[in-house]
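Asker: Okay, handing you the structure first.
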Amino acid sequence: MKIFDSILLKVFLYGLPIILILAIFSYSCDFRSINSASTYIKLLYNFAGIMFASWMLLSIYLGVRLIFSGTFREKVLTKLAFIKEQDEREVTLTGKAAKTTMLTTIAILIFLFCLSCFQISVYRLPPEQAIDGKSKVISLDLKFEWLERVPEDASKEYIQKQNILAYTGLPISSSAIILGLIIWQIIAYNYSMRRLMK
């Protein structure tokens, strides 16, 4: 199983540049114009689709192996995070750096959680909808949902308003946040390790 995982990992890593090239090619092609394109372009487009599907399945398999296989996780992620433990001193420093990184990551996650839950909007109502002659309204909301939902029909309660300021949660996607946290973990660990080594 170790040899099989090692081969799949190499295929995943060495296949990444090919996937990126095929992604650029597929992005530049218009799906509707593929039918009228030459046979070679159609074949390349179909090949790109098969490669994407294979690479996605391989990504899922390797992700599951990283979660459930301790030896595989140790082998792969120590290289990815540039972790080197040559003696007992470095093992101790690795523990301290990992603790510092974990605590700062939890602090960042709590901050991002708060930003994703809070919603603030400042808007101006038309004169006929003003409350006691006041047309400016500040709305503070707290939104927490386990699953993403389709927005409800806005026609149920329609208020004509002119937005002055609106904050409805984090403007970046969950994929960007996850990628940022992975990069943060690696940088924070290595920074902590260098600081402790001095």
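For the structure tokens, the naming scheme is as follows: chains receive sequential letters (A, B, ...) according to their order of presentation, residues are indexed from 1 within each chain, and ligands are indexed from 1 in presentation order.
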What's around Val137 of chain A at 7 Å? Count only C-alpha atoms, leave out sequence neighbours fewer than 5 positions away in its own chain, and write the answer as a list in words.
Answerer: Val122, Tyr123 and Arg124 of chain A
Asker: Which neighbours of Lys99 of chain A fall inside 12 Å, counting only C-alpha atoms, when residues of the same chain fewer than 4 positions from it are skipped, and could you give them as a VMD selection string?
Answerer: chain A and resid 92 to 95 103 to 106 185 188 to 189 192 to 193
Asker: Please, what distance in Å, to one decimal, runs between atom CA of Cys117 of chain A and atom CA of Ile183 of chain A?
Answerer: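 Result for atom CA of Cys117 of chain A versus atom CA of Ile183 of chain A: 23.7 Å, one decimal.
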Asker: My list of candidates is A:Phe113, A:Tyr45, A:Trp184, A:Tyr40. Which is closest to Thr101 of chain A when distances are computed with only C-alpha atoms?
Answerer: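 That would be A:Trp184, the residue with the smallest distance to Thr101 of chain A.
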